[in-house]
Amino acid sequence: MQENYQPQAIEQEVQKIWEESGVFNVQPSKSKEKYYCLSMFPYPSGKLHMGHVRNYTIGDVISRYQRMRGKNVMQPMGWDAFGLPAENAAMQHGVHPADWTYSNIDYMRDQLKQLGFGYDWNRELATCDPEYYKWEQWFFLKLLAKGMVYKKTAPVNWCPHDMTVLANEQVINGGCWRCDTPVERKEIAQWFLKITDYADELLTSLDSLDGWPEQVKTMQANWIGRSEGVEMDFAVPDMEQPLRIYTTRPDTLMGVTYLAVAAEHPLALKAAENNTDIQAFIEECKHMETAEAAMETMEKRGIDSGITALHPITGEAVPVWIANFVLMSYGTGAVMSVPAHDQRDYEFAVKYGIAIKQVIFAANGEDDDCTEQAYTVKGVLKNSGAFDGLTSAEAFGKIAETLEQDDKGTRKVMFRLRDWGVSRQRYWGAPIPVIYCDDCGTVPVPEKDLPVTLPRDVVLDGSQSPLVAHPTFSHVDCPLCGKPARRETDTFDTFMESSWYVARFASNQGDSMLDATANHWLPVDHYIGGIEHAILHLLYARFYTKLLRDEGLLSCDEPFKKLLTQGMVLKDGSKMSKSKGNTVDPQGLIAQYGADTVRLFIMFAAPPEQSLEWSDTGVEGASRFLKRLWKQVFLHTEQVQGSRFKVQGNLTDEQKTMRRHLHHTIQKVTHDMGVRIIFNTAIAANMELINTLIKFTDESNNGKAIRQEVLEAIVLMLSPMVPHICHQLWLDLGHDNAVVSETWLAVDESALVQDSLDYMIQVNGKLRGKISVSATATNAEIQAAALDDEHTQHFINGQSIKKIIVVPNKLVNIVI
């Protein structure tokens, strides 16, 4: 064994052994329990960042631990390879998006291998590969035939910089999630998936996800947003269609003093026909924030449409306002406004001098004044005609019944969730496989012509998707009639690719979308990724899984059994980012310290769910620990010179204590890694064990045997975290087989048994002595031993004793 630890040489050799042996390549097994561990695959941006390193180290540690527990572990890796950054890079560097993407994949794959992650590289995929998105196109056409897909013109979030549609979830604080450009409203025809058809199941099945963080489940439940309310019509004189609104507070109906409609609402457009002020306001709204969350904080602005609607019960005229806080994409694009009982409506009414009518009052005498702000608590109705005296709950049913009898409304369950717009007006994405024919209408691309691939001969200048003007791509003959037709030039939202990659990994990736092995591996047993994907990716992946299930391609209802959302990597209190200039290059750290040091620091610095504060001294400390471990194995192997010692005969107290510490550590580390999924405490326990071992200087044969046992156990327990050094140390400790194929340690319960226990003695809370008693001693015997101690007697000094408190296995406190 070499005296000095040389991580780079060891790691390269060990990685070569893993690759040549194919130790991480896996197939279904009838004799072993399957375990599918998956970290969210990366976008191939060019280089790994420390967030990647943390994410994938966590997944690799879990995978290696479960492998040692006897599971048949699958841990794949691939690339979320489509998207706008590749187009931007193509324009900046004069390269094709495909060339840029695949070059980045090659570099990042090499980085992942250098970090020693145990991936089944035979399952690698890239979503920009036509053999991958072919099946996405095929499945889209299946959904189109079932009526789960449709195209319509609708107001959308439009990024003028990237010139593409954004889903509501992709608008962050009014800006594009990619470039932060303020988002505009725009009418455009696009394709939608009917995720709303699954809204109820997506909500209720959250209850089955026991392995998910409650925070994530709550975020999804809020986004789906199930509510019970009443849908009702306000008739509009001289217009054929009434204003239809939905409310969860029908008890406040008699307090309506105005209605508000979105700028894109037909009534607003009607009012603007001969009114330049309204026209200007509507145009201004197109450039306002469009995300629903932003509506809560943005300045509330509006304009009187000059049109009135009729209250469905009283028949009174109610003014209709056009307001920037109403979105056409939510509900009906119109809301009833009750300023006395809704704070947003209140602020708008005060600003524009609209009447405020209170109809809900406190039932218990509490303050219900609404002269300064809205009174939003449910209570008892007044000023509400026939409904006076009813509670809010009673009024809900009575008002709904009245509206239903008059055919002016109905009770209804609604969801905040809206159908998923999947069209994007960009080049680097999977083409949507439909053709438009003037005679035949919308025609699916025939299955034999899939995949519809992207042409390579394009020029990207940022003005529009080059597919629109591409002569051979955009112009095609109709598959039905043979006449000239037009190909759809929109591409899929990249979340389409990331919504089913987990299943493709689990399949043999042959000439079908999924095969029977997908059902063997799915659902994923442990999924690791950032909480920023709680809505966007995770909700879509759950939806897509249910679509695949209903098409008969999968048998599971949910894609992920257990979810771990790791915290961010911070430096100086801020998230690492290029713009802040506070990034740390993993490649440089690997070159300086070795991959195991990087992995150890990442796992030791914080629990997985918490943010990790970067520390250069912490990295150096991790390196010193590995050198100390190496030194202890070296000293031991030099001492034993290849001999193997076994524990024989009775052990001394010191030997028993050493073994007891060892098996307490195994017990703790097993619980931390297998149950708590906390690794920093597992590493800390091993550090403490090494410190104890260093102080264990027993040179007898039993002492050498125990030192061998402890070192082997430490190597096994640390091998999921630092697999390269543990591979070599396992061999140096005299084993022929690789540590990666070893099984996890079992606790020797007999080693935990103590013949005697030490108790600290306190007198009036102050430490005064120490005694050792039999492990089976009773409380009375422990108290007697404490009182017999000469140090105790000195401090009691003949005074009367008020009480004696025995804390089991710890201390005796004598109160005088």
# chains A, B, ... in the order shown; residues from 1 in each chain; ligands from 1
>>> residues_around(residues="A:Asn275", least_positions_apart="5", cutoff="12 Å", atoms="only C-alpha atoms", output="PyMOL selection string")
chain A and resi 268-270+280-282+303-306
>>> residues_around(residues="A:Pro97", least_positions_apart="5", cutoff="6 Å", atoms="only C-alpha atoms", output="list in words")
Ala86, Glu87 and Ala90 of chain A
>>> atom_distance(atom1="atom CA of A:Leu745", atom2="atom CA of A:His520")
28.0 Å
>>> residues_around(residues="A:Leu203", least_positions_apart="2", cutoff="10 Å", atoms="only C-alpha atoms", output="JSON, numbers by chain")
{"A": [198, 199, 200, 201, 205, 206, 207, 217, 218, 220, 221, 222, 223, 224, 225, 226, 415]}
>>> atom_distance(atom1="atom CA of A:Glu264", atom2="atom CA of A:Pro155")
7.5 Å
>>> select_by_dssp(residues="stretch 87-281 of chain A", states="strand (DSSP E)", output="PyMOL selection string")
chain A and resi 149-159+164-166+171-172+175-176+184-193+226-234+243-247+258-261
>>> write_last_selection(atoms="N, CA and C atoms", output="CSV table (one decimal), in the first residue's frame")
chain,number,residue,atom,x,y,z
A,149,VAL,N,-56.2,16.5,-27.4
A,149,VAL,CA,-55.4,17.6,-27.9
A,149,VAL,C,-56.3,18.5,-28.8
A,150,TYR,N,-56.1,19.8,-28.7
A,150,TYR,CA,-56.9,20.7,-29.5
A,150,TYR,C,-56.1,22.0,-29.8
A,151,LYS,N,-56.5,22.7,-30.9
A,151,LYS,CA,-55.8,23.9,-31.2
A,151,LYS,C,-56.9,25.0,-31.2
A,152,LYS,N,-56.5,26.1,-30.6
A,152,LYS,CA,-57.4,27.3,-30.6
A,152,LYS,C,-56.6,28.6,-30.5
A,153,THR,N,-57.3,29.7,-30.9
A,153,THR,CA,-56.7,31.0,-30.7
A,153,THR,C,-57.0,31.5,-29.3
A,154,ALA,N,-56.0,31.9,-28.6
A,154,ALA,CA,-56.3,32.3,-27.2
A,154,ALA,C,-55.2,33.4,-26.8
A,155,PRO,N,-55.6,34.2,-25.8
A,155,PRO,CA,-54.6,35.1,-25.3
A,155,PRO,C,-53.5,34.3,-24.6
A,156,VAL,N,-52.3,34.7,-24.9
A,156,VAL,CA,-51.1,33.9,-24.3
A,156,VAL,C,-50.1,34.9,-23.8
A,157,ASN,N,-49.2,34.3,-23.0
A,157,ASN,CA,-48.0,35.1,-22.6
A,157,ASN,C,-47.0,35.0,-23.7
A,158,TRP,N,-46.5,36.2,-24.1
A,158,TRP,CA,-45.6,36.3,-25.3
A,158,TRP,C,-44.3,37.0,-24.8
A,159,CYS,N,-43.2,36.3,-25.0
A,159,CYS,CA,-41.9,36.9,-24.8
A,159,CYS,C,-41.4,37.6,-26.0
A,164,THR,N,-41.6,33.8,-28.4
A,164,THR,CA,-42.3,32.6,-28.3
A,164,THR,C,-43.3,32.7,-27.1
A,165,VAL,N,-44.3,31.7,-27.2
A,165,VAL,CA,-45.3,31.7,-26.1
A,165,VAL,C,-44.7,31.1,-24.9
A,166,LEU,N,-45.2,31.5,-23.7
A,166,LEU,CA,-44.8,31.0,-22.4
A,166,LEU,C,-46.0,30.5,-21.7
A,171,VAL,N,-43.9,32.3,-16.5
A,171,VAL,CA,-43.9,33.8,-16.3
A,171,VAL,C,-43.6,34.0,-14.8
A,172,ILE,N,-42.4,34.6,-14.5
A,172,ILE,CA,-42.0,34.8,-13.1
A,172,ILE,C,-41.9,36.3,-12.9
A,175,GLY,N,-42.0,38.5,-15.9
A,175,GLY,CA,-41.0,38.3,-16.9
A,175,GLY,C,-40.8,36.9,-17.4
A,176,CYS,N,-40.1,36.8,-18.5
A,176,CYS,CA,-39.8,35.5,-19.1
A,176,CYS,C,-38.9,34.7,-18.1
A,184,GLU,N,-45.7,40.0,-22.6
A,184,GLU,CA,-46.9,40.7,-23.2
A,184,GLU,C,-48.0,39.7,-23.4
A,185,ARG,N,-49.2,40.3,-23.5
A,185,ARG,CA,-50.4,39.5,-23.9
A,185,ARG,C,-50.5,39.5,-25.4
A,186,LYS,N,-50.8,38.4,-26.0
A,186,LYS,CA,-51.0,38.3,-27.4
A,186,LYS,C,-51.9,37.2,-27.8
A,187,GLU,N,-52.7,37.5,-28.8
A,187,GLU,CA,-53.7,36.4,-29.3
A,187,GLU,C,-52.9,35.6,-30.4
A,188,ILE,N,-52.9,34.3,-30.2
A,188,ILE,CA,-52.2,33.4,-31.1
A,188,ILE,C,-52.8,32.0,-31.1
A,189,ALA,N,-52.8,31.4,-32.2
A,189,ALA,CA,-53.3,30.0,-32.3
A,189,ALA,C,-52.3,29.1,-31.8
A,190,GLN,N,-52.6,28.2,-30.9
A,190,GLN,CA,-51.6,27.2,-30.4
A,190,GLN,C,-52.3,25.9,-29.9
A,191,TRP,N,-51.5,24.9,-29.8
A,191,TRP,CA,-52.0,23.6,-29.4
A,191,TRP,C,-52.0,23.5,-27.9
A,192,PHE,N,-53.1,22.7,-27.4
A,192,PHE,CA,-53.2,22.5,-26.0
A,192,PHE,C,-53.4,21.1,-25.7
A,193,LEU,N,-52.9,20.6,-24.5
A,193,LEU,CA,-53.3,19.3,-24.0
A,193,LEU,C,-54.3,19.5,-22.9
A,226,ARG,N,-58.7,23.6,-6.7
A,226,ARG,CA,-60.1,23.2,-6.7
A,226,ARG,C,-61.0,24.1,-5.8
A,227,SER,N,-62.1,24.5,-6.4
A,227,SER,CA,-63.0,25.4,-5.6
A,227,SER,C,-64.5,25.0,-5.9
A,228,GLU,N,-65.3,25.2,-4.9
A,228,GLU,CA,-66.8,25.0,-5.1
A,228,GLU,C,-67.4,26.4,-5.1
A,229,GLY,N,-68.3,26.7,-6.1
A,229,GLY,CA,-68.9,28.0,-6.2
A,229,GLY,C,-70.1,27.9,-7.1
A,230,VAL,N,-70.5,29.1,-7.6
A,230,VAL,CA,-71.7,29.2,-8.4
A,230,VAL,C,-71.3,30.0,-9.7
A,231,GLU,N,-71.7,29.4,-10.8
A,231,GLU,CA,-71.6,30.1,-12.1
A,231,GLU,C,-72.9,30.8,-12.4
A,232,MET,N,-72.9,32.1,-12.7
A,232,MET,CA,-74.1,32.8,-13.0
A,232,MET,C,-74.0,33.8,-14.1
A,233,ASP,N,-75.1,34.2,-14.6
A,233,ASP,CA,-75.2,35.1,-15.8
A,233,ASP,C,-75.7,36.5,-15.4
A,234,PHE,N,-75.0,37.5,-15.8
A,234,PHE,CA,-75.5,38.9,-15.7
A,234,PHE,C,-75.9,39.3,-17.1
A,243,LEU,N,-73.0,38.2,-19.5
A,243,LEU,CA,-71.7,38.1,-18.8
A,243,LEU,C,-71.7,37.0,-17.8
A,244,ARG,N,-71.0,36.0,-18.1
A,244,ARG,CA,-70.9,34.8,-17.2
A,244,ARG,C,-69.8,34.9,-16.2
A,245,ILE,N,-70.1,34.8,-15.0
A,245,ILE,CA,-69.0,34.8,-13.9
A,245,ILE,C,-69.1,33.6,-13.0
A,246,TYR,N,-68.0,33.4,-12.3
A,246,TYR,CA,-67.9,32.3,-11.4
A,246,TYR,C,-67.5,32.9,-10.0
A,247,THR,N,-68.1,32.5,-9.0
A,247,THR,CA,-67.7,33.0,-7.6
A,247,THR,C,-67.8,31.9,-6.6
A,258,TYR,N,-70.0,46.4,-9.1
A,258,TYR,CA,-69.5,46.5,-10.5
A,258,TYR,C,-69.0,45.2,-10.9
A,259,LEU,N,-68.9,45.0,-12.2
A,259,LEU,CA,-68.3,43.8,-12.8
A,259,LEU,C,-67.0,44.2,-13.5
A,260,ALA,N,-66.1,43.3,-13.6
A,260,ALA,CA,-64.8,43.6,-14.2
A,260,ALA,C,-64.5,42.6,-15.3
A,261,VAL,N,-64.1,43.0,-16.4
A,261,VAL,CA,-63.8,42.1,-17.5
A,261,VAL,C,-62.3,42.3,-18.0
>>> residues_around(residues="A:Gln728", least_positions_apart="3", cutoff="12 Å", atoms="only C-alpha atoms", output="PyMOL selection string")
chain A and resi 1-2+5-7+9-15+17+629-630+633-634+712+715-716+719+722-725+731-740
>>> residues_around(residues="stretch 557-567 of chain A", least_positions_apart="5", cutoff="10 Å", atoms="only C-alpha atoms", output="mmCIF file with N, CA and C atoms, in the first residue's frame")
data_model
loop_
_atom_site.group_PDB
_atom_site.id
_atom_site.type_symbol
_atom_site.label_atom_id
_atom_site.label_comp_id
_atom_site.auth_asym_id
_atom_site.auth_seq_id
_atom_site.Cartn_x
_atom_site.Cartn_y
_atom_site.Cartn_z
ATOM 1 N N TYR A 36 -35.308 2.051 -8.409
ATOM 2 C CA TYR A 36 -35.064 3.019 -9.478
ATOM 3 C C TYR A 36 -34.788 4.365 -8.819
ATOM 4 N N CYS A 37 -33.542 4.795 -8.892
ATOM 5 C CA CYS A 37 -33.136 6.086 -8.322
ATOM 6 C C CYS A 37 -32.785 7.028 -9.465
ATOM 7 N N LEU A 38 -33.344 8.216 -9.437
ATOM 8 C CA LEU A 38 -33.182 9.134 -10.567
ATOM 9 C C LEU A 38 -33.045 10.566 -10.081
ATOM 10 N N SER A 39 -32.019 11.234 -10.581
ATOM 11 C CA SER A 39 -31.878 12.676 -10.382
ATOM 12 C C SER A 39 -32.336 13.378 -11.658
ATOM 13 N N GLY A 51 -24.547 23.136 -8.217
ATOM 14 C CA GLY A 51 -25.899 22.617 -8.005
ATOM 15 C C GLY A 51 -26.070 21.252 -8.629
ATOM 16 N N ARG A 54 -24.165 18.686 -6.493
ATOM 17 C CA ARG A 54 -24.887 18.298 -5.276
ATOM 18 C C ARG A 54 -26.041 17.355 -5.602
ATOM 19 N N ASN A 55 -26.828 17.723 -6.609
ATOM 20 C CA ASN A 55 -27.978 16.908 -7.000
ATOM 21 C C ASN A 55 -27.546 15.480 -7.318
ATOM 22 N N ILE A 58 -26.055 13.378 -4.349
ATOM 23 C CA ILE A 58 -27.115 12.851 -3.479
ATOM 24 C C ILE A 58 -27.714 11.585 -4.093
ATOM 25 N N GLY A 59 -28.064 11.668 -5.376
ATOM 26 C CA GLY A 59 -28.645 10.507 -6.045
ATOM 27 C C GLY A 59 -27.700 9.317 -6.070
ATOM 28 N N GLU A 201 -58.160 14.167 -10.555
ATOM 29 C CA GLU A 201 -57.274 13.065 -10.193
ATOM 30 C C GLU A 201 -55.900 13.567 -9.777
ATOM 31 N N LEU A 202 -55.380 14.583 -10.468
ATOM 32 C CA LEU A 202 -54.087 15.140 -10.095
ATOM 33 C C LEU A 202 -54.115 15.691 -8.672
ATOM 34 N N SER A 205 -54.952 12.426 -6.033
ATOM 35 C CA SER A 205 -53.878 11.436 -5.915
ATOM 36 C C SER A 205 -52.646 11.987 -5.212
ATOM 37 N N LEU A 206 -52.627 13.289 -4.934
ATOM 38 C CA LEU A 206 -51.552 13.828 -4.099
ATOM 39 C C LEU A 206 -51.540 13.152 -2.731
ATOM 40 N N SER A 208 -51.838 10.156 -2.081
ATOM 41 C CA SER A 208 -51.137 8.862 -2.117
ATOM 42 C C SER A 208 -49.625 9.027 -2.096
ATOM 43 N N LEU A 209 -49.139 10.260 -2.232
ATOM 44 C CA LEU A 209 -47.704 10.498 -2.337
ATOM 45 C C LEU A 209 -47.096 10.728 -0.956
ATOM 46 N N ASP A 210 -47.043 9.661 -0.172
ATOM 47 C CA ASP A 210 -46.537 9.769 1.201
ATOM 48 C C ASP A 210 -45.055 10.129 1.250
ATOM 49 N N GLY A 211 -44.328 9.824 0.191
ATOM 50 C CA GLY A 211 -42.898 10.106 0.181
ATOM 51 C C GLY A 211 -42.531 11.464 -0.363
ATOM 52 N N TRP A 212 -43.531 12.324 -0.575
ATOM 53 C CA TRP A 212 -43.268 13.671 -1.087
ATOM 54 C C TRP A 212 -43.269 14.685 0.045
ATOM 55 N N PRO A 213 -42.456 15.746 -0.066
ATOM 56 C CA PRO A 213 -42.517 16.820 0.931
ATOM 57 C C PRO A 213 -43.887 17.486 0.924
ATOM 58 N N VAL A 216 -44.259 20.609 -1.305
ATOM 59 C CA VAL A 216 -44.463 20.418 -2.742
ATOM 60 C C VAL A 216 -45.905 20.031 -3.031
ATOM 61 N N SER A 499 -41.357 15.294 -19.491
ATOM 62 C CA SER A 499 -42.491 14.711 -18.780
ATOM 63 C C SER A 499 -42.554 13.191 -18.885
ATOM 64 N N TRP A 500 -41.781 12.588 -19.788
ATOM 65 C CA TRP A 500 -41.866 11.129 -19.924
ATOM 66 C C TRP A 500 -40.497 10.454 -20.031
ATOM 67 N N VAL A 502 -38.490 9.700 -17.784
ATOM 68 C CA VAL A 502 -38.307 8.710 -16.712
ATOM 69 C C VAL A 502 -38.771 7.325 -17.168
ATOM 70 N N ALA A 503 -39.817 7.295 -17.982
ATOM 71 C CA ALA A 503 -40.322 6.020 -18.477
ATOM 72 C C ALA A 503 -39.444 5.479 -19.607
ATOM 73 N N LEU A 522 -40.868 1.203 -13.106
ATOM 74 C CA LEU A 522 -41.657 2.324 -12.603
ATOM 75 C C LEU A 522 -42.631 1.874 -11.522
ATOM 76 N N PRO A 523 -42.983 2.773 -10.577
ATOM 77 C CA PRO A 523 -42.556 4.164 -10.512
ATOM 78 C C PRO A 523 -41.127 4.304 -9.994
ATOM 79 N N VAL A 524 -40.565 5.498 -10.192
ATOM 80 C CA VAL A 524 -39.255 5.819 -9.645
ATOM 81 C C VAL A 524 -39.341 5.727 -8.123
ATOM 82 N N ASP A 525 -38.406 5.030 -7.519
ATOM 83 C CA ASP A 525 -38.425 4.871 -6.056
ATOM 84 C C ASP A 525 -37.937 6.116 -5.336
ATOM 85 N N HIS A 526 -36.974 6.806 -5.917
ATOM 86 C CA HIS A 526 -36.479 8.031 -5.294
ATOM 87 C C HIS A 526 -36.076 9.008 -6.395
ATOM 88 N N TYR A 527 -36.692 10.189 -6.386
ATOM 89 C CA TYR A 527 -36.451 11.215 -7.399
ATOM 90 C C TYR A 527 -35.832 12.421 -6.700
ATOM 91 N N ILE A 528 -34.754 12.960 -7.278
ATOM 92 C CA ILE A 528 -34.023 14.045 -6.628
ATOM 93 C C ILE A 528 -33.935 15.233 -7.571
ATOM 94 N N GLY A 529 -34.264 16.405 -7.067
ATOM 95 C CA GLY A 529 -34.160 17.621 -7.873
ATOM 96 C C GLY A 529 -34.575 18.842 -7.081
ATOM 97 N N GLY A 530 -34.472 19.996 -7.705
ATOM 98 C CA GLY A 530 -34.746 21.253 -7.020
ATOM 99 C C GLY A 530 -36.230 21.515 -6.844
ATOM 100 N N ILE A 531 -36.567 22.238 -5.771
ATOM 101 C CA ILE A 531 -37.969 22.552 -5.496
ATOM 102 C C ILE A 531 -38.531 23.539 -6.513
ATOM 103 N N GLU A 532 -37.665 24.186 -7.289
ATOM 104 C CA GLU A 532 -38.153 25.097 -8.326
ATOM 105 C C GLU A 532 -38.945 24.365 -9.397
ATOM 106 N N HIS A 533 -38.859 23.045 -9.411
ATOM 107 C CA HIS A 533 -39.613 22.251 -10.388
ATOM 108 C C HIS A 533 -40.918 21.699 -9.809
ATOM 109 N N ALA A 534 -41.321 22.201 -8.643
ATOM 110 C CA ALA A 534 -42.482 21.652 -7.939
ATOM 111 C C ALA A 534 -43.753 21.724 -8.769
ATOM 112 N N LEU A 538 -42.909 18.678 -12.291
ATOM 113 C CA LEU A 538 -43.500 17.562 -11.561
ATOM 114 C C LEU A 538 -44.981 17.383 -11.879
ATOM 115 N N ALA A 541 -45.192 15.895 -15.399
ATOM 116 C CA ALA A 541 -44.761 14.494 -15.399
ATOM 117 C C ALA A 541 -45.849 13.593 -14.825
ATOM 118 N N ARG A 542 -46.531 14.064 -13.786
ATOM 119 C CA ARG A 542 -47.634 13.289 -13.213
ATOM 120 C C ARG A 542 -48.766 13.151 -14.233
ATOM 121 N N PHE A 543 -49.085 14.233 -14.903
ATOM 122 C CA PHE A 543 -50.144 14.223 -15.925
ATOM 123 C C PHE A 543 -49.786 13.278 -17.065
ATOM 124 N N TYR A 544 -48.556 13.373 -17.551
ATOM 125 C CA TYR A 544 -48.133 12.548 -18.679
ATOM 126 C C TYR A 544 -48.163 11.067 -18.319
ATOM 127 N N THR A 545 -47.800 10.753 -17.077
ATOM 128 C CA THR A 545 -47.842 9.357 -16.629
ATOM 129 C C THR A 545 -49.265 8.818 -16.701
ATOM 130 N N LYS A 546 -50.221 9.620 -16.317
ATOM 131 C CA LYS A 546 -51.621 9.191 -16.362
ATOM 132 C C LYS A 546 -52.097 9.036 -17.811
ATOM 133 N N LEU A 547 -51.603 9.895 -18.698
ATOM 134 C CA LEU A 547 -51.928 9.731 -20.119
ATOM 135 C C LEU A 547 -51.360 8.415 -20.654
ATOM 136 N N LEU A 548 -50.110 8.121 -20.320
ATOM 137 C CA LEU A 548 -49.483 6.877 -20.759
ATOM 138 C C LEU A 548 -50.201 5.660 -20.182
ATOM 139 N N ARG A 549 -50.630 5.796 -18.943
ATOM 140 C CA ARG A 549 -51.400 4.704 -18.303
ATOM 141 C C ARG A 549 -52.702 4.460 -19.057
ATOM 142 N N ASP A 550 -53.413 5.517 -19.366
ATOM 143 C CA ASP A 550 -54.715 5.362 -20.011
ATOM 144 C C ASP A 550 -54.595 4.918 -21.465
ATOM 145 N N ALA A 606 -24.167 20.084 4.699
ATOM 146 C CA ALA A 606 -25.545 20.373 5.120
ATOM 147 C C ALA A 606 -26.429 19.188 4.783
ATOM 148 N N PRO A 607 -27.568 19.038 5.488
ATOM 149 C CA PRO A 607 -28.548 18.022 5.086
ATOM 150 C C PRO A 607 -29.051 18.313 3.679
ATOM 151 N N PRO A 608 -29.488 17.295 2.937
ATOM 152 C CA PRO A 608 -29.837 17.475 1.529
ATOM 153 C C PRO A 608 -30.882 18.555 1.254
ATOM 154 N N GLU A 609 -31.921 18.656 2.105
ATOM 155 C CA GLU A 609 -33.003 19.607 1.817
ATOM 156 C C GLU A 609 -32.629 21.049 2.141
ATOM 157 N N GLN A 610 -31.558 21.255 2.886
ATOM 158 C CA GLN A 610 -31.177 22.607 3.293
ATOM 159 C C GLN A 610 -30.178 23.224 2.321
ATOM 160 N N SER A 611 -30.142 24.557 2.296
ATOM 161 C CA SER A 611 -29.146 25.237 1.484
ATOM 162 C C SER A 611 -27.759 24.950 2.029
ATOM 163 N N LEU A 612 -26.804 24.901 1.114
ATOM 164 C CA LEU A 612 -25.425 24.596 1.471
ATOM 165 C C LEU A 612 -24.580 25.842 1.255
ATOM 166 N N ILE A 677 -32.459 9.742 5.439
ATOM 167 C CA ILE A 677 -31.839 10.264 4.213
ATOM 168 C C ILE A 677 -31.050 11.526 4.554
#
>>> atom_distance(atom1="atom CA of A:Ala516", atom2="atom CA of A:Tyr56")
27.4 Å
>>> residues_around(residues="A:Glu404", least_positions_apart="4", cutoff="12 Å", atoms="only C-alpha atoms", output="list in words")
Val230, Glu231, Met232, Asp233, Pro312, Ile313, Gly397, Lys398, Ile399, Ala400, Lys408, Gly409, Thr410, Arg411 and Lys412 of chain A
>>> select_by_dssp(residues="stretch 204-352 of chain A", states="helix (DSSP H, G or I)", output="PyMOL selection string")
chain A and resi 204-208+214-224+250-255+266-272+276-285+292-295+343-352
>>> residues_around(residues="stretch 429-445 of chain A", least_positions_apart="3", cutoff="7 Å", atoms="only C-alpha atoms", output="PyMOL selection string")
chain A and resi 82-83+133+137+141+426+449+452-453+478+485-492+494
>>> decode(residues="stretch 758-769 of chain A", atoms="C-alpha atoms", output="PDB file, in the first residue's frame")
ATOM      1  CA  ASP A 758     -20.837   5.362  33.995  1.00  0.00           C
ATOM      2  CA  TYR A 759     -22.952   7.961  35.815  1.00  0.00           C
ATOM      3  CA  MET A 760     -21.948  11.549  36.453  1.00  0.00           C
ATOM      4  CA  ILE A 761     -22.827  12.801  39.921  1.00  0.00           C
ATOM      5  CA  GLN A 762     -24.203  16.273  40.468  1.00  0.00           C
ATOM      6  CA  VAL A 763     -24.906  17.985  43.757  1.00  0.00           C
ATOM      7  CA  ASN A 764     -27.437  20.795  43.334  1.00  0.00           C
ATOM      8  CA  GLY A 765     -26.805  20.674  39.600  1.00  0.00           C
ATOM      9  CA  LYS A 766     -23.010  20.968  39.787  1.00  0.00           C
ATOM     10  CA  LEU A 767     -20.721  18.165  38.649  1.00  0.00           C
ATOM     11  CA  ARG A 768     -19.034  16.603  41.661  1.00  0.00           C
ATOM     12  CA  GLY A 769     -17.986  13.077  40.743  1.00  0.00           C
TER      13      GLY A 769
END
